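Peer 1: One file: structure-v3.cif (mmCIF, C-alpha atoms, pLDDT in the B column; chains and numbers go by the auth columns).
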data_model
#
loop_
_atom_site.group_PDB
_atom_site.id
_atom_site.type_symbol
_atom_site.label_atom_id
_atom_site.label_comp_id
_atom_site.label_asym_id
_atom_site.label_seq_id
_atom_site.Cartn_x
_atom_site.Cartn_y
_atom_site.Cartn_z
_atom_site.B_iso_or_equiv
_atom_site.auth_seq_id
_atom_site.auth_asym_id
ATOM 1 C CA GLN A 1 111.968 57.436 160.573 87.00 1230 A
ATOM 2 C CA VAL A 2 113.272 60.203 158.355 91.00 1231 A
ATOM 3 C CA GLN A 3 111.978 60.988 154.881 94.00 1232 A
ATOM 4 C CA LEU A 4 114.187 62.818 152.402 96.00 1233 A
ATOM 5 C CA VAL A 5 113.129 64.280 149.059 96.00 1234 A
ATOM 6 C CA GLU A 6 115.647 65.833 146.670 96.00 1235 A
ATOM 7 C CA SER A 7 115.031 68.382 143.940 95.00 1236 A
ATOM 8 C CA GLY A 8 116.995 70.680 141.680 95.00 1237 A
ATOM 9 C CA GLY A 9 118.848 68.299 139.383 94.00 1238 A
ATOM 10 C CA GLY A 10 119.110 68.887 135.657 97.00 1239 A
ATOM 11 C CA SER A 11 121.437 69.388 132.740 97.00 1240 A
ATOM 12 C CA VAL A 12 124.076 72.088 132.521 98.00 1241 A
ATOM 13 C CA GLN A 13 127.193 72.840 130.510 98.00 1242 A
ATOM 14 C CA ALA A 14 130.633 72.593 132.030 98.00 1243 A
ATOM 15 C CA GLY A 15 131.426 75.634 134.109 98.00 1244 A
ATOM 16 C CA GLY A 16 127.801 76.149 135.057 98.00 1245 A
ATOM 17 C CA SER A 17 126.060 75.911 138.424 98.00 1246 A
ATOM 18 C CA LEU A 18 123.195 73.990 139.974 98.00 1247 A
ATOM 19 C CA ARG A 19 121.636 74.029 143.413 98.00 1248 A
ATOM 20 C CA LEU A 20 120.216 70.836 144.860 98.00 1249 A
ATOM 21 C CA SER A 21 117.755 70.915 147.715 97.00 1250 A
ATOM 22 C CA CYS A 22 116.643 68.183 150.094 96.00 1251 A
ATOM 23 C CA ARG A 23 113.519 68.447 152.197 95.00 1252 A
ATOM 24 C CA ALA A 24 113.614 66.383 155.370 93.00 1253 A
ATOM 25 C CA SER A 25 110.624 65.263 157.416 90.00 1254 A
ATOM 26 C CA GLY A 26 109.981 62.876 160.257 86.00 1255 A
ATOM 27 C CA TYR A 27 112.285 62.420 163.248 80.00 1256 A
ATOM 28 C CA THR A 28 115.145 64.553 161.907 77.00 1257 A
ATOM 29 C CA ALA A 29 116.319 65.433 165.428 77.00 1258 A
ATOM 30 C CA GLY A 30 117.655 61.892 165.727 81.00 1259 A
ATOM 31 C CA SER A 31 120.187 62.326 162.922 87.00 1260 A
ATOM 32 C CA TYR A 32 123.850 62.441 163.908 90.00 1261 A
ATOM 33 C CA CYS A 33 125.103 63.245 160.430 93.00 1262 A
ATOM 34 C CA MET A 34 123.706 64.448 157.115 94.00 1263 A
ATOM 35 C CA GLY A 35 125.228 64.717 153.697 96.00 1264 A
ATOM 36 C CA TRP A 36 125.113 64.500 149.943 98.00 1265 A
ATOM 37 C CA LEU A 37 126.478 61.537 148.050 98.00 1266 A
ATOM 38 C CA ARG A 38 126.533 60.668 144.365 98.00 1267 A
ATOM 39 C CA GLN A 39 126.735 57.664 142.110 98.00 1268 A
ATOM 40 C CA ALA A 40 127.859 57.715 138.502 96.00 1269 A
ATOM 41 C CA PRO A 41 127.029 54.855 136.109 92.00 1270 A
ATOM 42 C CA GLY A 42 129.301 51.886 136.724 94.00 1271 A
ATOM 43 C CA LYS A 43 130.842 53.442 139.823 96.00 1272 A
ATOM 44 C CA GLU A 44 130.337 53.050 143.546 97.00 1273 A
ATOM 45 C CA ARG A 45 128.372 55.584 145.536 97.00 1274 A
ATOM 46 C CA GLU A 46 130.701 58.208 147.012 97.00 1275 A
ATOM 47 C CA GLY A 47 130.417 61.021 149.491 97.00 1276 A
ATOM 48 C CA VAL A 48 130.400 64.590 148.201 98.00 1277 A
ATOM 49 C CA ALA A 49 129.840 66.626 151.365 97.00 1278 A
ATOM 50 C CA GLY A 50 128.663 65.937 154.889 95.00 1279 A
ATOM 51 C CA PHE A 51 128.593 67.219 158.443 93.00 1280 A
ATOM 52 C CA TYR A 52 127.807 66.284 162.023 91.00 1281 A
ATOM 53 C CA THR A 53 124.513 67.721 163.224 88.00 1282 A
ATOM 54 C CA ASP A 54 125.884 68.653 166.657 85.00 1283 A
ATOM 55 C CA GLY A 55 127.623 71.625 165.072 77.00 1284 A
ATOM 56 C CA GLY A 56 130.813 69.815 164.188 75.00 1285 A
ATOM 57 C CA SER A 57 132.938 70.197 161.088 86.00 1286 A
ATOM 58 C CA THR A 58 131.825 69.988 157.482 93.00 1287 A
ATOM 59 C CA PHE A 59 133.724 67.729 155.124 96.00 1288 A
ATOM 60 C CA TYR A 60 134.068 67.746 151.354 97.00 1289 A
ATOM 61 C CA ALA A 61 135.456 65.233 148.913 97.00 1290 A
ATOM 62 C CA ASP A 62 138.740 66.438 147.407 97.00 1291 A
ATOM 63 C CA SER A 63 137.180 66.401 143.957 97.00 1292 A
ATOM 64 C CA VAL A 64 134.557 69.033 144.866 98.00 1293 A
ATOM 65 C CA ASN A 65 136.314 71.053 147.582 97.00 1294 A
ATOM 66 C CA GLY A 66 136.186 74.729 146.686 97.00 1295 A
ATOM 67 C CA ARG A 67 133.413 74.221 144.130 98.00 1296 A
ATOM 68 C CA PHE A 68 130.536 72.746 146.174 98.00 1297 A
ATOM 69 C CA THR A 69 128.978 74.110 149.366 97.00 1298 A
ATOM 70 C CA ILE A 70 126.622 72.223 151.667 96.00 1299 A
ATOM 71 C CA SER A 71 124.231 74.175 153.861 94.00 1300 A
ATOM 72 C CA ARG A 72 121.367 73.431 156.214 92.00 1301 A
ATOM 73 C CA ASP A 73 118.323 75.484 157.145 90.00 1302 A
ATOM 74 C CA ASN A 74 117.033 74.090 160.434 86.00 1303 A
ATOM 75 C CA ALA A 75 113.920 76.235 160.357 89.00 1304 A
ATOM 76 C CA LYS A 76 112.891 74.875 156.977 90.00 1305 A
ATOM 77 C CA ASN A 77 114.343 71.384 157.511 90.00 1306 A
ATOM 78 C CA THR A 78 116.215 71.580 154.234 93.00 1307 A
ATOM 79 C CA LEU A 79 119.706 70.556 153.184 94.00 1308 A
ATOM 80 C CA ASP A 80 121.132 72.241 150.095 97.00 1309 A
ATOM 81 C CA LEU A 81 124.130 71.616 147.879 98.00 1310 A
ATOM 82 C CA GLN A 82 125.362 74.549 145.819 98.00 1311 A
ATOM 83 C CA MET A 83 127.472 73.278 142.942 98.00 1312 A
ATOM 84 C CA ASN A 84 129.625 75.721 140.985 98.00 1313 A
ATOM 85 C CA SER A 85 132.179 75.256 138.206 98.00 1314 A
ATOM 86 C CA LEU A 86 130.608 71.952 137.302 98.00 1315 A
ATOM 87 C CA GLU A 87 132.640 69.451 135.326 98.00 1316 A
ATOM 88 C CA PRO A 88 131.537 66.501 133.166 97.00 1317 A
ATOM 89 C CA GLU A 89 132.993 64.253 135.885 97.00 1318 A
ATOM 90 C CA ASP A 90 130.288 65.558 138.250 98.00 1319 A
ATOM 91 C CA THR A 91 127.609 63.793 136.199 98.00 1320 A
ATOM 92 C CA ALA A 92 125.824 61.407 138.557 98.00 1321 A
ATOM 93 C CA ALA A 93 122.707 60.719 140.543 98.00 1322 A
ATOM 94 C CA TYR A 94 122.896 62.787 143.724 98.00 1323 A
ATOM 95 C CA TYR A 95 121.429 61.555 146.989 98.00 1324 A
ATOM 96 C CA CYS A 96 120.591 63.320 150.210 97.00 1325 A
ATOM 97 C CA ALA A 97 121.201 61.140 153.269 97.00 1326 A
ATOM 98 C CA ALA A 98 120.896 61.129 157.041 95.00 1327 A
ATOM 99 C CA GLY A 99 122.483 58.872 159.631 93.00 1328 A
ATOM 100 C CA SER A 100 120.808 58.012 162.920 91.00 1329 A
ATOM 101 C CA TYR A 101 123.527 55.695 164.273 87.00 1330 A
ATOM 102 C CA GLN A 102 126.315 57.706 165.865 83.00 1331 A
ATOM 103 C CA PHE A 103 128.859 54.899 165.436 83.00 1332 A
ATOM 104 C CA ASN A 104 128.277 54.767 161.683 81.00 1333 A
ATOM 105 C CA CYS A 105 128.627 58.532 161.317 88.00 1334 A
ATOM 106 C CA VAL A 106 132.362 58.375 162.008 86.00 1335 A
ATOM 107 C CA ASN A 107 133.084 59.194 158.364 90.00 1336 A
ATOM 108 C CA VAL A 108 130.422 61.394 156.785 93.00 1337 A
ATOM 109 C CA LEU A 109 131.885 60.877 153.314 95.00 1338 A
ATOM 110 C CA THR A 110 131.172 57.166 153.172 94.00 1339 A
ATOM 111 C CA PRO A 111 127.784 55.638 152.338 95.00 1340 A
ATOM 112 C CA LYS A 112 127.832 53.371 155.386 93.00 1341 A
ATOM 113 C CA GLY A 113 127.450 56.425 157.584 89.00 1342 A
ATOM 114 C CA TYR A 114 123.843 56.794 156.465 95.00 1343 A
ATOM 115 C CA ASN A 115 120.710 54.739 156.908 94.00 1344 A
ATOM 116 C CA TYR A 116 118.153 57.135 155.430 95.00 1345 A
ATOM 117 C CA TRP A 117 118.262 58.045 151.752 97.00 1346 A
ATOM 118 C CA GLY A 118 116.312 60.159 149.310 97.00 1347 A
ATOM 119 C CA GLN A 119 115.270 58.877 145.918 97.00 1348 A
ATOM 120 C CA GLY A 120 118.057 60.764 144.131 97.00 1349 A
ATOM 121 C CA THR A 121 118.169 63.537 141.567 97.00 1350 A
ATOM 122 C CA GLN A 122 120.122 63.372 138.313 98.00 1351 A
ATOM 123 C CA VAL A 123 122.807 65.885 137.386 98.00 1352 A
ATOM 124 C CA ASN A 124 124.198 65.881 133.855 98.00 1353 A
ATOM 125 C CA VAL A 125 127.144 68.079 132.928 98.00 1354 A
ATOM 126 C CA SER A 126 128.101 68.323 129.259 97.00 1355 A
ATOM 127 C CA SER A 127 131.447 69.460 127.915 94.00 1356 A
#
Rewrite the structure from the file as C-alpha cells, please.

Peer 2:
Amino acid sequence: QVQLVESGGGSVQAGGSLRLSCRASGYTAGSYCMGWLRQAPGKEREGVAGFYTDGGSTFYADSVNGRFTISRDNAKNTLDLQMNSLEPEDTAAYYCAAGSYQFNCVNVLTPKGYNYWGQGTQVNVSS
C-alpha cells in the first residue's frame, strides 16, 4: 500500500507560479511509475507529468512542456510539481499518483498507469 498526500494548491493570476508537493508513505519502493495528473470540471483526468522510478525518462504533456517541472526527493519521499507561467486552462484538481503494476506503467501520462492516488489539490488560475 502507498499513501499519497498533496499540498500547495491555491489561486493565482495568469503568468504566476505554484509549487505542488506530494508526500508519499508506505511501500513506495514497489512503485514502477509516479506522476501528476489533473482533472478540470467536465473533462477527463489527464496526465501532466510522470516518470519511471528505475531512473528512466520523464514525460510531460504537450500543454505544460517547458512550463512545468516534476521532481522527486527520495530522501524525503516527496514528489513535487513546479508550475510556472500558469494559464487559466491549467485550472483543475491536481492529483499525485503512483503505479505498482509495471504493465500498466507503459504510458505514465495516462490515468490507467496508476493504482494509488492522493486526494487532490485544487489549482485556480484567473485571467

Peer 1: Between A:Ile1299, A:Leu1233, A:Ala1258, A:Ala1322, which is the closest to Ser1286 of chain A once you count all atoms listed in the file?

Peer 2: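 Of the candidates, the smallest distance to Ser1286 of chain A is held by A:Ile1299.
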
Peer 1: For the point (129.1, 76.1, 149.9) in file coordinates, what residues are within 8 Å, counting all atoms listed in the file? Give the answer as a count of residues only?

Peer 2: 9

Peer 1: With the file shown as input, list the residues that the PyMOL selection byres ((chain A and resi 1231) around 7) selects, as a ChimeraX atom specification.

Peer 2: /A:1230,1232-1233,1253-1257,1345

Peer 1: Got a sec to resolve the PyMOL selection byres ((chain A and resi 1280) around 12) on this structure and send the residues as a PyMOL selection string?

Peer 2: chain A and resi 1260-1265+1276-1279+1281-1290+1298-1301+1308+1326-1328+1334-1339+1342-1343

Peer 1: Name the residues that the PyMOL selection byres ((chain A and resi 1320) around 10) picks from the file above, as a PyMOL selection string, using the file's chain letters and numbers.

Peer 2: chain A and resi 1239-1241+1267-1270+1315-1319+1321-1323+1351-1355

Peer 1: Smallest atom-to-atom distance to Gly1238 of chain A: which of A:Lys1341, A:Tyr1330, A:Tyr1324, A:Thr1307, using all atoms listed in the file?

Peer 2: A:Tyr1324

Peer 1: Using Å and a single decimal, report how far atom CA of Leu1249 of chain A sits from atom CA of Gly1349 of chain A.

Peer 2: 10.3 Å

Peer 1: What does the structure give for the distance between atom CA of Asp1309 of chain A and atom CA of Leu1247 of chain A, in Å to one decimal?

Peer 2: 10.5 Å

Peer 1: Take atom CA of Asp1291 of chain A and atom CA of Gly1271 of chain A and report the distance between them in Å, one decimal.

Peer 2: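 For atom CA of Asp1291 of chain A relative to atom CA of Gly1271 of chain A, the distance reads 20.4 Å.
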
Peer 1: Show me, as a count of residues only, the residues that have an atom within 8 Å of Pro1340 of chain A when counting only C-alpha atoms, minus same-chain residues fewer than 4 positions from it.

Peer 2: 4

Peer 1: Restricting the calculation to all atoms listed in the file: of A:Phe1332, A:Val1293, A:Cys1325, A:Gly1259, which residue gets closest to Gly1347 of chain A?

Peer 2: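 Residue with the minimum atom-to-atom distance to Gly1347 of chain A: A:Cys1325.
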